[in-house]
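Undergrad: So I've got this file, entry.cif, and it contains mmCIF, C-alpha atoms:
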data_query
loop_
_atom_site.group_PDB
_atom_site.id
_atom_site.type_symbol
_atom_site.label_atom_id
_atom_site.label_comp_id
_atom_site.auth_asym_id
_atom_site.auth_seq_id
_atom_site.Cartn_x
_atom_site.Cartn_y
_atom_site.Cartn_z
ATOM 1 C CA MET A 1 59.206 -11.951 278.154
ATOM 2 C CA GLY A 2 61.187 -11.005 281.249
ATOM 3 C CA TYR A 3 62.446 -7.507 282.018
ATOM 4 C CA LEU A 4 66.041 -8.377 281.065
ATOM 5 C CA ASP A 5 64.897 -9.928 277.775
ATOM 6 C CA GLN A 6 62.970 -6.739 277.013
ATOM 7 C CA ILE A 7 66.150 -4.712 277.496
ATOM 8 C CA TYR A 8 68.137 -7.060 275.248
ATOM 9 C CA THR A 9 65.442 -7.137 272.568
ATOM 10 C CA GLU A 10 65.275 -3.356 272.441
ATOM 11 C CA ALA A 11 69.066 -3.050 272.250
ATOM 12 C CA HIS A 12 69.454 -5.656 269.504
ATOM 13 C CA LYS A 13 66.656 -4.424 267.235
ATOM 14 C CA ASP A 14 69.224 -2.938 264.831
ATOM 15 C CA ARG A 15 72.938 -3.034 264.008
ATOM 16 C CA ASP A 16 73.700 0.545 265.003
ATOM 17 C CA HIS A 17 76.789 0.307 267.207
ATOM 18 C CA GLY A 18 76.405 3.881 268.489
ATOM 19 C CA ASP A 19 79.167 5.502 270.481
ATOM 20 C CA TYR A 20 79.381 2.914 273.282
ATOM 21 C CA PRO A 21 78.658 -0.813 273.696
ATOM 22 C CA PHE A 22 75.236 -1.800 274.975
ATOM 23 C CA SER A 23 76.690 -4.758 276.904
ATOM 24 C CA LEU A 24 80.056 -4.136 278.571
ATOM 25 C CA GLY A 25 81.614 -7.088 280.369
ATOM 26 C CA VAL A 26 84.528 -6.446 282.709
ATOM 27 C CA GLU A 27 86.376 -9.552 283.869
ATOM 28 C CA VAL A 28 86.966 -8.986 287.564
ATOM 29 C CA THR A 29 88.792 -12.316 287.676
ATOM 30 C CA ASN A 30 89.093 -15.431 285.573
ATOM 31 C CA HIS A 31 89.764 -17.630 288.581
ATOM 32 C CA CYS A 32 86.913 -20.029 289.317
ATOM 33 C CA ASN A 33 86.176 -22.576 292.017
ATOM 34 C CA LEU A 34 84.158 -24.830 289.687
ATOM 35 C CA ARG A 35 85.157 -27.014 286.736
ATOM 36 C CA CYS A 36 82.083 -27.119 284.497
ATOM 37 C CA PRO A 37 82.255 -29.168 281.272
ATOM 38 C CA MET A 38 80.636 -26.382 279.209
ATOM 39 C CA CYS A 39 83.221 -23.760 280.198
ATOM 40 C CA PRO A 40 86.351 -23.220 278.050
ATOM 41 C CA ARG A 41 88.260 -21.051 280.532
ATOM 42 C CA GLU A 42 91.037 -23.576 281.190
ATOM 43 C CA THR A 43 91.803 -23.973 277.488
ATOM 44 C CA ALA A 44 92.516 -20.250 277.086
ATOM 45 C CA ALA A 45 96.091 -19.022 276.829
ATOM 46 C CA ARG A 46 95.558 -15.723 278.672
ATOM 47 C CA GLY A 47 96.752 -16.850 282.085
ATOM 48 C CA PHE A 48 94.807 -16.293 285.305
ATOM 49 C CA ASP A 49 94.625 -13.153 287.406
ATOM 50 C CA ASN A 50 92.409 -10.542 289.041
ATOM 51 C CA ILE A 51 91.800 -7.193 287.378
ATOM 52 C CA ASP A 52 93.807 -4.166 288.473
ATOM 53 C CA PRO A 53 91.338 -2.233 290.663
ATOM 54 C CA GLU A 54 92.388 1.033 289.028
ATOM 55 C CA LEU A 55 91.480 -0.344 285.600
ATOM 56 C CA PHE A 56 88.056 -1.400 286.881
ATOM 57 C CA LYS A 57 87.496 2.045 288.358
ATOM 58 C CA LYS A 58 88.586 3.723 285.123
ATOM 59 C CA ILE A 59 86.022 1.726 283.137
ATOM 60 C CA ALA A 60 83.295 2.345 285.728
ATOM 61 C CA ASP A 61 83.996 6.096 285.556
ATOM 62 C CA GLU A 62 83.743 6.016 281.750
ATOM 63 C CA THR A 63 80.435 4.117 281.930
ATOM 64 C CA ALA A 64 78.854 6.241 284.671
ATOM 65 C CA GLY A 65 75.640 8.038 283.784
ATOM 66 C CA ARG A 66 74.891 5.974 280.661
ATOM 67 C CA ASP A 67 71.281 4.798 280.853
ATOM 68 C CA ARG A 68 71.456 2.283 278.009
ATOM 69 C CA VAL A 69 74.617 0.399 278.927
ATOM 70 C CA LEU A 70 74.463 -2.935 280.738
ATOM 71 C CA PHE A 71 77.612 -3.155 282.867
ATOM 72 C CA LEU A 72 78.629 -6.731 283.716
ATOM 73 C CA PRO A 73 81.419 -7.128 286.296
ATOM 74 C CA SER A 74 81.877 -10.700 285.094
ATOM 75 C CA GLY A 75 84.027 -12.722 282.736
ATOM 76 C CA MET A 76 85.456 -16.224 282.605
ATOM 77 C CA GLY A 77 85.520 -16.659 286.373
ATOM 78 C CA GLU A 78 83.572 -16.272 289.607
ATOM 79 C CA SER A 79 83.780 -12.576 290.486
ATOM 80 C CA PHE A 80 83.545 -13.014 294.266
ATOM 81 C CA ILE A 81 86.896 -14.845 294.212
ATOM 82 C CA ASN A 82 88.511 -11.440 293.710
ATOM 83 C CA PRO A 83 89.066 -10.325 297.338
ATOM 84 C CA ARG A 84 88.278 -6.698 296.421
ATOM 85 C CA PHE A 85 85.069 -7.406 294.525
ATOM 86 C CA ARG A 86 82.739 -5.956 297.169
ATOM 87 C CA GLU A 87 84.801 -2.762 297.125
ATOM 88 C CA LEU A 88 84.593 -2.611 293.321
ATOM 89 C CA LEU A 89 80.819 -3.098 293.386
ATOM 90 C CA ALA A 90 80.477 -0.216 295.808
ATOM 91 C CA TYR A 91 82.725 1.921 293.608
ATOM 92 C CA SER A 92 80.617 1.332 290.504
ATOM 93 C CA ARG A 93 77.517 2.346 292.446
ATOM 94 C CA ASP A 94 79.119 5.524 293.788
ATOM 95 C CA ALA A 95 80.538 6.373 290.353
ATOM 96 C CA GLY A 96 77.030 6.389 288.900
ATOM 97 C CA VAL A 97 76.898 3.204 286.818
ATOM 98 C CA LYS A 98 73.191 2.886 286.031
ATOM 99 C CA LEU A 99 72.499 -0.690 284.934
ATOM 100 C CA THR A 100 74.520 -3.594 286.333
ATOM 101 C CA MET A 101 74.263 -7.367 286.042
ATOM 102 C CA LEU A 102 76.391 -9.934 287.834
ATOM 103 C CA VAL A 103 76.621 -13.498 286.558
ATOM 104 C CA THR A 104 77.508 -15.885 289.393
ATOM 105 C CA ASN A 105 77.503 -19.604 290.132
ATOM 106 C CA GLY A 106 75.952 -18.899 293.536
ATOM 107 C CA THR A 107 78.563 -20.686 295.632
ATOM 108 C CA TYR A 108 79.830 -17.427 297.183
ATOM 109 C CA LEU A 109 76.411 -15.999 298.041
ATOM 110 C CA ASN A 110 76.958 -15.891 301.780
ATOM 111 C CA GLU A 111 75.207 -13.234 303.862
ATOM 112 C CA LYS A 112 78.096 -10.756 303.630
ATOM 113 C CA ASN A 113 78.149 -10.936 299.847
ATOM 114 C CA ILE A 114 74.363 -10.793 299.562
ATOM 115 C CA HIS A 115 74.320 -7.598 301.617
ATOM 116 C CA ALA A 116 77.077 -6.179 299.379
ATOM 117 C CA LEU A 117 74.946 -6.803 296.277
ATOM 118 C CA ILE A 118 71.951 -5.111 297.885
ATOM 119 C CA ASP A 119 74.059 -2.210 299.154
ATOM 120 C CA ALA A 120 75.479 -1.676 295.664
ATOM 121 C CA GLN A 121 71.943 -1.813 294.205
ATOM 122 C CA VAL A 122 73.065 -4.175 291.445
ATOM 123 C CA THR A 123 70.189 -4.326 288.963
ATOM 124 C CA PHE A 124 70.307 -8.027 288.073
ATOM 125 C CA VAL A 125 71.987 -11.039 289.633
ATOM 126 C CA ASN A 126 71.997 -13.970 287.231
ATOM 127 C CA ILE A 127 72.520 -17.209 289.170
ATOM 128 C CA SER A 128 73.482 -20.319 287.190
ATOM 129 C CA LEU A 129 71.753 -23.317 288.766
ATOM 130 C CA ASP A 130 71.192 -26.103 286.225
ATOM 131 C CA GLY A 131 68.330 -28.098 287.622
ATOM 132 C CA THR A 132 66.602 -29.486 290.658
ATOM 133 C CA VAL A 133 68.373 -32.854 290.860
ATOM 134 C CA LYS A 134 71.390 -32.893 293.156
ATOM 135 C CA GLU A 135 73.278 -35.626 291.306
ATOM 136 C CA VAL A 136 72.802 -33.961 287.908
ATOM 137 C CA TYR A 137 73.665 -30.489 289.194
ATOM 138 C CA GLU A 138 76.862 -31.635 290.886
ATOM 139 C CA LYS A 139 77.920 -33.567 287.787
ATOM 140 C CA ILE A 140 77.609 -30.369 285.733
ATOM 141 C CA ARG A 141 78.763 -27.837 288.333
ATOM 142 C CA VAL A 142 81.813 -29.793 289.447
ATOM 143 C CA ASN A 143 83.010 -28.850 292.988
ATOM 144 C CA ALA A 144 79.700 -27.167 293.907
ATOM 145 C CA ASP A 145 77.488 -28.365 296.768
ATOM 146 C CA PHE A 146 73.900 -28.415 295.517
ATOM 147 C CA ASP A 147 72.303 -28.147 298.964
ATOM 148 C CA GLN A 148 74.494 -25.210 299.958
ATOM 149 C CA VAL A 149 73.840 -23.296 296.742
ATOM 150 C CA ILE A 150 70.074 -23.792 297.056
ATOM 151 C CA ALA A 151 70.290 -22.530 300.652
ATOM 152 C CA ASN A 152 72.317 -19.516 299.459
ATOM 153 C CA VAL A 153 69.683 -18.580 296.875
ATOM 154 C CA LYS A 154 66.827 -18.901 299.364
ATOM 155 C CA ASN A 155 68.764 -16.717 301.805
ATOM 156 C CA PHE A 156 69.166 -14.144 299.042
ATOM 157 C CA PHE A 157 65.397 -13.908 298.609
ATOM 158 C CA ARG A 158 64.913 -13.746 302.391
ATOM 159 C CA ILE A 159 67.528 -11.066 303.060
ATOM 160 C CA ARG A 160 66.374 -8.877 300.191
ATOM 161 C CA LYS A 161 62.812 -9.020 301.556
ATOM 162 C CA GLU A 162 63.916 -8.309 305.124
ATOM 163 C CA ARG A 163 65.799 -5.248 303.927
ATOM 164 C CA GLY A 164 62.821 -3.997 301.952
ATOM 165 C CA SER A 165 64.801 -3.756 298.739
ATOM 166 C CA THR A 166 63.484 -4.466 295.246
ATOM 167 C CA LEU A 167 67.036 -4.813 293.903
ATOM 168 C CA PRO A 168 68.802 -6.861 292.797
ATOM 169 C CA TYR A 169 66.294 -8.574 290.522
ATOM 170 C CA ILE A 170 67.128 -12.267 290.723
ATOM 171 C CA ILE A 171 67.368 -14.402 287.597
ATOM 172 C CA LEU A 172 67.577 -18.146 288.174
ATOM 173 C CA ARG A 173 68.999 -19.571 284.975
ATOM 174 C CA MET A 174 69.262 -23.155 283.814
ATOM 175 C CA ILE A 175 71.177 -24.242 280.713
ATOM 176 C CA LYS A 176 69.150 -26.554 278.498
ATOM 177 C CA MET A 177 71.389 -29.486 277.674
ATOM 178 C CA ASP A 178 71.166 -33.237 277.366
ATOM 179 C CA GLU A 179 71.150 -33.831 281.136
ATOM 180 C CA THR A 180 68.756 -31.034 282.149
ATOM 181 C CA ALA A 181 66.225 -30.997 279.297
ATOM 182 C CA ASP A 182 63.698 -33.085 281.222
ATOM 183 C CA ASP A 183 63.942 -30.868 284.307
ATOM 184 C CA VAL A 184 62.624 -27.621 282.804
ATOM 185 C CA ASP A 185 59.097 -27.782 284.230
ATOM 186 C CA ALA A 186 60.266 -28.915 287.659
ATOM 187 C CA PHE A 187 62.820 -26.096 287.798
ATOM 188 C CA GLN A 188 60.143 -23.529 286.920
ATOM 189 C CA ASP A 189 57.680 -24.928 289.453
ATOM 190 C CA TYR A 190 60.259 -25.114 292.238
ATOM 191 C CA TRP A 191 61.373 -21.491 292.061
ATOM 192 C CA GLU A 192 58.161 -19.764 290.975
ATOM 193 C CA PRO A 193 56.870 -19.213 294.553
ATOM 194 C CA PHE A 194 60.014 -17.243 295.467
ATOM 195 C CA LEU A 195 59.801 -14.689 292.657
ATOM 196 C CA GLU A 196 58.928 -11.037 293.130
ATOM 197 C CA GLU A 197 58.314 -8.471 290.379
ATOM 198 C CA HIS A 198 61.041 -8.588 287.684
ATOM 199 C CA ASP A 199 62.593 -11.737 289.161
ATOM 200 C CA GLU A 200 62.464 -14.629 286.734
ATOM 201 C CA VAL A 201 63.277 -18.201 285.944
ATOM 202 C CA ALA A 202 65.153 -18.307 282.645
ATOM 203 C CA PHE A 203 66.511 -20.953 280.327
ATOM 204 C CA SER A 204 69.561 -20.652 278.083
ATOM 205 C CA ALA A 205 70.639 -22.713 275.126
ATOM 206 C CA TYR A 206 73.836 -24.673 275.600
ATOM 207 C CA GLN A 207 76.825 -22.809 274.121
ATOM 208 C CA THR A 208 79.749 -24.514 272.399
ATOM 209 C CA TRP A 209 82.006 -21.433 272.606
ATOM 210 C CA ASN A 210 82.770 -21.726 268.911
ATOM 211 C CA ASN A 211 83.101 -25.504 269.123
ATOM 212 C CA SER A 212 85.689 -25.416 271.911
ATOM 213 C CA VAL A 213 83.685 -27.666 274.262
ATOM 214 C CA GLU A 214 81.672 -30.831 273.748
ATOM 215 C CA ASP A 215 78.378 -30.177 271.965
ATOM 216 C CA ARG A 216 75.579 -31.160 274.358
ATOM 217 C CA ARG A 217 72.843 -29.002 272.879
ATOM 218 C CA VAL A 218 69.191 -29.976 272.737
ATOM 219 C CA GLY A 219 67.866 -29.175 269.256
ATOM 220 C CA GLU A 220 69.289 -26.730 266.742
ATOM 221 C CA PRO A 221 70.121 -23.244 268.071
ATOM 222 C CA GLN A 222 67.579 -20.665 266.956
ATOM 223 C CA GLY A 223 70.278 -18.369 265.607
ATOM 224 C CA LEU A 224 71.691 -21.036 263.306
ATOM 225 C CA ALA A 225 68.260 -22.004 262.051
ATOM 226 C CA GLU A 226 67.472 -18.365 261.324
ATOM 227 C CA ALA A 227 70.855 -17.901 259.660
ATOM 228 C CA ALA A 228 70.293 -20.881 257.363
ATOM 229 C CA GLU A 229 66.966 -19.441 256.230
ATOM 230 C CA ILE A 230 68.480 -15.986 255.606
ATOM 231 C CA GLU A 231 71.371 -17.482 253.625
ATOM 232 C CA ARG A 232 68.972 -19.568 251.547
ATOM 233 C CA ARG A 233 66.834 -16.517 250.835
ATOM 234 C CA GLU A 234 69.495 -13.847 250.334
ATOM 235 C CA GLY A 235 72.567 -15.818 249.312
ATOM 236 C CA LYS A 236 74.744 -14.570 252.168
ATOM 237 C CA LEU A 237 74.712 -14.138 255.908
ATOM 238 C CA PRO A 238 74.104 -10.734 257.465
ATOM 239 C CA PRO A 239 76.603 -9.494 260.061
ATOM 240 C CA CYS A 240 76.355 -10.920 263.562
ATOM 241 C CA ARG A 241 74.659 -8.459 265.904
ATOM 242 C CA MET A 242 77.088 -9.244 268.729
ATOM 243 C CA ILE A 243 79.878 -7.109 267.271
ATOM 244 C CA TYR A 244 77.558 -4.080 267.185
ATOM 245 C CA LYS A 245 76.377 -4.386 270.790
ATOM 246 C CA THR A 246 78.936 -6.229 272.914
ATOM 247 C CA MET A 247 82.392 -5.586 274.310
ATOM 248 C CA GLN A 248 84.278 -7.789 276.737
ATOM 249 C CA VAL A 249 87.202 -6.412 278.730
ATOM 250 C CA TYR A 250 89.482 -9.079 280.183
ATOM 251 C CA HIS A 251 91.463 -8.894 283.410
ATOM 252 C CA ASP A 252 94.595 -7.602 281.655
ATOM 253 C CA GLY A 253 92.688 -4.845 279.822
ATOM 254 C CA SER A 254 92.554 -6.594 276.443
ATOM 255 C CA THR A 255 89.190 -6.231 274.708
ATOM 256 C CA SER A 256 87.071 -8.096 272.186
ATOM 257 C CA LEU A 257 83.805 -7.375 270.377
ATOM 258 C CA CYS A 258 82.356 -10.743 271.389
ATOM 259 C CA CYS A 259 81.828 -12.226 274.846
ATOM 260 C CA TYR A 260 82.224 -15.725 273.323
ATOM 261 C CA ASP A 261 85.799 -14.837 272.359
ATOM 262 C CA TYR A 262 87.055 -16.359 275.615
ATOM 263 C CA ASP A 263 90.724 -16.242 274.537
ATOM 264 C CA CYS A 264 90.485 -12.677 273.145
ATOM 265 C CA THR A 265 91.593 -13.645 269.635
ATOM 266 C CA MET A 266 89.643 -10.710 268.144
ATOM 267 C CA ASN A 267 91.576 -8.170 270.183
ATOM 268 C CA ILE A 268 90.619 -4.564 269.404
ATOM 269 C CA GLY A 269 92.994 -2.865 271.848
ATOM 270 C CA ASN A 270 93.664 -2.420 275.543
ATOM 271 C CA ALA A 271 91.432 -0.508 277.951
ATOM 272 C CA LYS A 272 94.500 0.502 279.981
ATOM 273 C CA GLU A 273 95.709 2.562 277.037
ATOM 274 C CA ARG A 274 92.505 3.899 275.484
ATOM 275 C CA SER A 275 88.962 4.630 276.606
ATOM 276 C CA ILE A 276 86.119 2.196 275.989
ATOM 277 C CA ALA A 277 84.512 4.764 273.672
ATOM 278 C CA GLU A 278 87.696 5.060 271.606
ATOM 279 C CA LEU A 279 88.126 1.303 271.320
ATOM 280 C CA TRP A 280 84.466 0.824 270.399
ATOM 281 C CA VAL A 281 84.639 3.010 267.290
ATOM 282 C CA GLY A 282 88.345 2.509 266.596
ATOM 283 C CA GLU A 283 89.876 1.131 263.418
ATOM 284 C CA LYS A 284 90.282 -2.438 264.722
ATOM 285 C CA ALA A 285 86.619 -2.653 265.738
ATOM 286 C CA GLN A 286 85.489 -1.161 262.452
ATOM 287 C CA HIS A 287 87.725 -3.598 260.549
ATOM 288 C CA TYR A 288 85.936 -6.590 262.038
ATOM 289 C CA ARG A 289 82.539 -5.047 261.386
ATOM 290 C CA ARG A 290 83.490 -4.400 257.754
ATOM 291 C CA LEU A 291 84.501 -8.031 257.289
ATOM 292 C CA HIS A 292 81.042 -9.083 258.484
ATOM 293 C CA GLU A 293 79.306 -6.500 256.326
ATOM 294 C CA GLU A 294 81.243 -7.646 253.257
ATOM 295 C CA GLY A 295 80.316 -11.291 253.850
ATOM 296 C CA ARG A 296 83.901 -12.148 254.866
ATOM 297 C CA MET A 297 83.318 -13.243 258.467
ATOM 298 C CA ASP A 298 85.058 -16.556 257.714
ATOM 299 C CA GLU A 299 88.305 -14.576 257.689
ATOM 300 C CA ILE A 300 87.893 -14.124 261.464
ATOM 301 C CA PRO A 301 88.864 -17.425 263.152
ATOM 302 C CA ILE A 302 86.550 -16.953 266.142
ATOM 303 C CA CYS A 303 83.610 -16.297 263.800
ATOM 304 C CA ARG A 304 84.324 -19.140 261.390
ATOM 305 C CA GLY A 305 81.799 -21.882 262.119
ATOM 306 C CA CYS A 306 80.561 -20.148 265.268
ATOM 307 C CA GLN A 307 77.498 -21.831 266.755
ATOM 308 C CA GLU A 308 76.455 -18.680 268.644
ATOM 309 C CA TYR A 309 75.970 -16.421 265.621
ATOM 310 C CA ILE A 310 73.108 -13.917 266.080
ATOM 311 C CA PRO A 311 71.728 -12.646 262.728
#
Once more with this new file: its structure as structure tokens, please.
TA:
Amino acid sequence: MGYLDQIYTEAHKDRDHGDYPFSLGVEVTNHCNLRCPMCPRETAARGFDNIDPELFKKIADETAGRDRVLFLPSGMGESFINPRFRELLAYSRDAGVKLTMLVTNGTYLNEKNIHALIDAQVTFVNISLDGTVKEVYEKIRVNADFDQVIANVKNFFRIRKERGSTLPYIILRMIKMDETADDVDAFQDYWEPFLEEHDEVAFSAYQTWNNSVEDRRVGEPQGLAEAAEIERREGKLPPCRMIYKTMQVYHDGSTSLCCYDYDCTMNIGNAKERSIAELWVGEKAQHYRRLHEEGRMDEIPICRGCQEYIP
């Protein structure tokens, strides 16, 4: 189990929501340079924009000093497209945000941006790669140049070593789907020699975003299999752990309890108007948790038939 998985496992061991989300996503932008078939961003009705820098800073200030909060300056876009993203990374560092993870498609990892990630001492950089075969990768990551992205990642390892930094820890992640399932071993073998302590090669199950994209999964998701067994044994499903651990803030300040709620249909309030702590324990958030606890999650459209349910 990798270091990040250990953090997630510890955080999700119970359904105690506490006074603040464990995982706090902040959508720096929902603009993206790629058009991936597994991404629902273009079907959302939220419009496209960059976050107000003052809103980002407000949330970073509220999160500062919290040891058990994973701060993700990411959403339904590629964060480096926001022209002020390097500035915002530096701000979160100076504000005292403890644990940060960026999710990126790797296309913007030029030397300037790599140095910005190291300067900001981002804890994890999760790079979505999807395989070792150029033709397959470029079919999935539409508009990306496989050779350039591979060169970017290798430069990241090189520059981090030259600067004598242990951070960011680099996670090279491949989505297991119909076109990449046979490439798992090759992907692991290719990147293994580059890894330092706490770096890792990781594999994710294909997500349907509540059935909003074509289902290209390989095998039944573990969560659904576990849920079926629990329902057979107990007669009802337990609440999904996501709504006790996760908050996503979108570029306009709207918030949801689930990062799979890409169109923010389960809106619990706006971070421009209230603090993250207030929203997290507020009446709207508690309403959705009660519906889950009472076995009424089907009353929440985004939860009804969700393939990403985590019991």
Undergrad: Report, in Å with one decimal, the straight-line distance from CA of Thr43 in chain A to CA of Leu55 in chain A.
TA: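 Going from CA of Thr43 in chain A over to CA of Leu55 in chain A covers 25.0 Å.
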Undergrad: Care to translate the PyMOL selection byres ((chain A and resi 39) around 10) into actual residues of this file, as a list in words?
TA: Leu34, Arg35, Cys36, Pro37, Met38, Pro40, Arg41, Glu42, Thr43, Met76, Gly77, Gln207, Thr208, Trp209, Ser212, Val213, Glu214 and Tyr262 of chain A
Undergrad: Could you write those residues out with C-alpha atoms, as a compact mmCIF listing (two decimals), keeping the file's coordinate frame?
TA:
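Resulting contents of part_36.txt:
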# COMPACT_ATOMS: atom_id res chain seq x y z
CA LEU A 34 84.16 -24.83 289.69
CA ARG A 35 85.16 -27.01 286.74
CA CYS A 36 82.08 -27.12 284.50
CA PRO A 37 82.26 -29.17 281.27
CA MET A 38 80.64 -26.38 279.21
CA PRO A 40 86.35 -23.22 278.05
CA ARG A 41 88.26 -21.05 280.53
CA GLU A 42 91.04 -23.58 281.19
CA THR A 43 91.80 -23.97 277.49
CA MET A 76 85.46 -16.22 282.60
CA GLY A 77 85.52 -16.66 286.37
CA GLN A 207 76.82 -22.81 274.12
CA THR A 208 79.75 -24.51 272.40
CA TRP A 209 82.01 -21.43 272.61
CA SER A 212 85.69 -25.42 271.91
CA VAL A 213 83.68 -27.67 274.26
CA GLU A 214 81.67 -30.83 273.75
CA TYR A 262 87.06 -16.36 275.62
Undergrad: Do you know which residues are at most 12 Å from Arg46 in chain A counting only C-alpha atoms, after dropping those on the same chain fewer than 6 positions away, and could you put them as a list in words?
TA: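 Once the adjacent positions are removed, what remains is Thr29, Asn30, His31, Pro40, Met76, Tyr250, His251, Asp252, Gly253, Ser254, Asp261, Tyr262, Asp263, Cys264 and Thr265 of chain A.
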Undergrad: Just give me the gap between CA of Ala205 in chain A and CA of Ala45 in chain A in Å, one decimal is fine.
TA: 25.8 Å
Undergrad: Residues within 6 Å of range 107-115 of chain A, please, as number ranges by chain. Count all atoms listed in the file; anything in the same chain fewer than 2 positions from it doesn't count.
TA: A: 105, 117-119, 149, 152
Undergrad: For Ser204 in chain A, work out the shell of residues within 8 Å, counting all atoms listed in the file and skipping chain neighbours fewer than 4 positions away, then give it as a PyMOL selection string.
TA: chain A and resi 173-176
Undergrad: Please put the answer as AutoDock Vina command-line options: centre and edge lengths, in Å with one decimal, of a box along x, y and z that encloses all listed atoms of range 202-214 of chain A plus 6 Å on each side.
TA:
--center_x 75.4 --center_y -24.6 --center_z 275.8 --size_x 32.5 --size_y 24.5 --size_z 25.7
Undergrad: Give me, as a PyMOL selection string, all polymer residues having an atom no more than 9 Å from His198 in chain A, counting only C-alpha atoms and skipping those fewer than 3 positions away in the same chain.
TA: chain A and resi 2-4+166+169-171+195
Undergrad: Take CA of Arg241 in chain A and CA of His12 in chain A and report the distance between them in Å, one decimal.
TA: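 Rounded to one decimal, the two atoms are 6.9 Å apart.
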Undergrad: Can you tell me which residues surround Asp183 in chain A at a distance of at most 10 Å, considering only C-alpha atoms, apart from same-chain residues fewer than 3 positions away, and format the answer as a VMD selection string?
TA: chain A and resid 130 to 133 174 176 179 to 180 186 to 188
Undergrad: Determine the residue set returned by the PyMOL selection byres ((chain A and resi 287) around 12) for the present structure, and present it as a list in words.
TA: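 Selection result, ordered by chain and number: Ile243, Leu257, Met266, Asn267, Ile268, Leu279, Trp280, Val281, Gly282, Glu283, Lys284, Ala285, Gln286, Tyr288, Arg289, Arg290, Leu291, His292, Glu293, Glu294, Arg296, Met297, Glu299 and Ile300 of chain A.
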Undergrad: Find the residue from A:Glu27, A:Asp182, A:Gly269, A:Arg233 that sits nearest to Val136 in chain A; use all atoms listed in the file when measuring.
TA: A:Asp182
Undergrad: Rank nothing, just name the residue among A:Thr246, A:Gly164, A:Val218, A:Pro238 nearest to Met177 in chain A, using all atoms listed in the file.
TA: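 Using all atoms listed in the file, Met177 in chain A sits closest to A:Val218.
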Undergrad: Given all atoms listed in the file as the basis, pick out the residue of A:Thr255, A:Arg68, A:Gln248, A:Asp185 nearest to Glu273 in chain A.
TA: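 Closest residue, counting all atoms listed in the file: A:Thr255.
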Undergrad: A:Ser74, A:Asn33, A:Ala44, A:Gln121: which is nearest Asn143 in chain A, counting only C-alpha atoms?
TA: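 For Asn143 in chain A, the nearest of the candidates is A:Asn33.
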Undergrad: How would range 84-97 of chain A read, as a PDB file, keeping the file's coordinate frame, once N, CA and C atoms are built in?
TA:
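File written: rebuild-v9.pdb
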ATOM      1  N   ARG A  84      88.700  -8.095 296.380  1.00  0.00           N
ATOM      2  CA  ARG A  84      88.278  -6.698 296.421  1.00  0.00           C
ATOM      3  C   ARG A  84      86.955  -6.473 295.684  1.00  0.00           C
ATOM      4  N   PHE A  85      86.255  -7.553 295.358  1.00  0.00           N
ATOM      5  CA  PHE A  85      85.069  -7.406 294.525  1.00  0.00           C
ATOM      6  C   PHE A  85      83.978  -6.573 295.202  1.00  0.00           C
ATOM      7  N   ARG A  86      83.764  -6.760 296.484  1.00  0.00           N
ATOM      8  CA  ARG A  86      82.739  -5.956 297.169  1.00  0.00           C
ATOM      9  C   ARG A  86      83.081  -4.470 297.084  1.00  0.00           C
ATOM     10  N   GLU A  87      84.352  -4.147 297.243  1.00  0.00           N
ATOM     11  CA  GLU A  87      84.801  -2.762 297.125  1.00  0.00           C
ATOM     12  C   GLU A  87      84.534  -2.222 295.713  1.00  0.00           C
ATOM     13  N   LEU A  88      84.782  -3.046 294.701  1.00  0.00           N
ATOM     14  CA  LEU A  88      84.593  -2.611 293.321  1.00  0.00           C
ATOM     15  C   LEU A  88      83.109  -2.425 293.006  1.00  0.00           C
ATOM     16  N   LEU A  89      82.263  -3.280 293.553  1.00  0.00           N
ATOM     17  CA  LEU A  89      80.819  -3.098 293.386  1.00  0.00           C
ATOM     18  C   LEU A  89      80.377  -1.764 293.966  1.00  0.00           C
ATOM     19  N   ALA A  90      80.848  -1.472 295.163  1.00  0.00           N
ATOM     20  CA  ALA A  90      80.477  -0.216 295.808  1.00  0.00           C
ATOM     21  C   ALA A  90      80.986   0.971 294.991  1.00  0.00           C
ATOM     22  N   TYR A  91      82.179   0.834 294.417  1.00  0.00           N
ATOM     23  CA  TYR A  91      82.725   1.921 293.608  1.00  0.00           C
ATOM     24  C   TYR A  91      81.851   2.188 292.385  1.00  0.00           C
ATOM     25  N   SER A  92      81.434   1.136 291.699  1.00  0.00           N
ATOM     26  CA  SER A  92      80.617   1.332 290.504  1.00  0.00           C
ATOM     27  C   SER A  92      79.293   2.012 290.849  1.00  0.00           C
ATOM     28  N   ARG A  93      78.741   1.665 291.991  1.00  0.00           N
ATOM     29  CA  ARG A  93      77.517   2.346 292.446  1.00  0.00           C
ATOM     30  C   ARG A  93      77.781   3.825 292.692  1.00  0.00           C
ATOM     31  N   ASP A  94      78.822   4.131 293.444  1.00  0.00           N
ATOM     32  CA  ASP A  94      79.119   5.524 293.788  1.00  0.00           C
ATOM     33  C   ASP A  94      79.524   6.339 292.562  1.00  0.00           C
ATOM     34  N   ALA A  95      80.122   5.675 291.569  1.00  0.00           N
ATOM     35  CA  ALA A  95      80.538   6.373 290.353  1.00  0.00           C
ATOM     36  C   ALA A  95      79.342   6.768 289.499  1.00  0.00           C
ATOM     37  N   GLY A  96      78.216   6.057 289.666  1.00  0.00           N
ATOM     38  CA  GLY A  96      77.030   6.389 288.900  1.00  0.00           C
ATOM     39  C   GLY A  96      76.729   5.446 287.750  1.00  0.00           C
ATOM     40  N   VAL A  97      77.258   4.207 287.824  1.00  0.00           N
ATOM     41  CA  VAL A  97      76.898   3.204 286.818  1.00  0.00           C
ATOM     42  C   VAL A  97      75.418   2.864 287.007  1.00  0.00           C
TER      43      VAL A  97
END
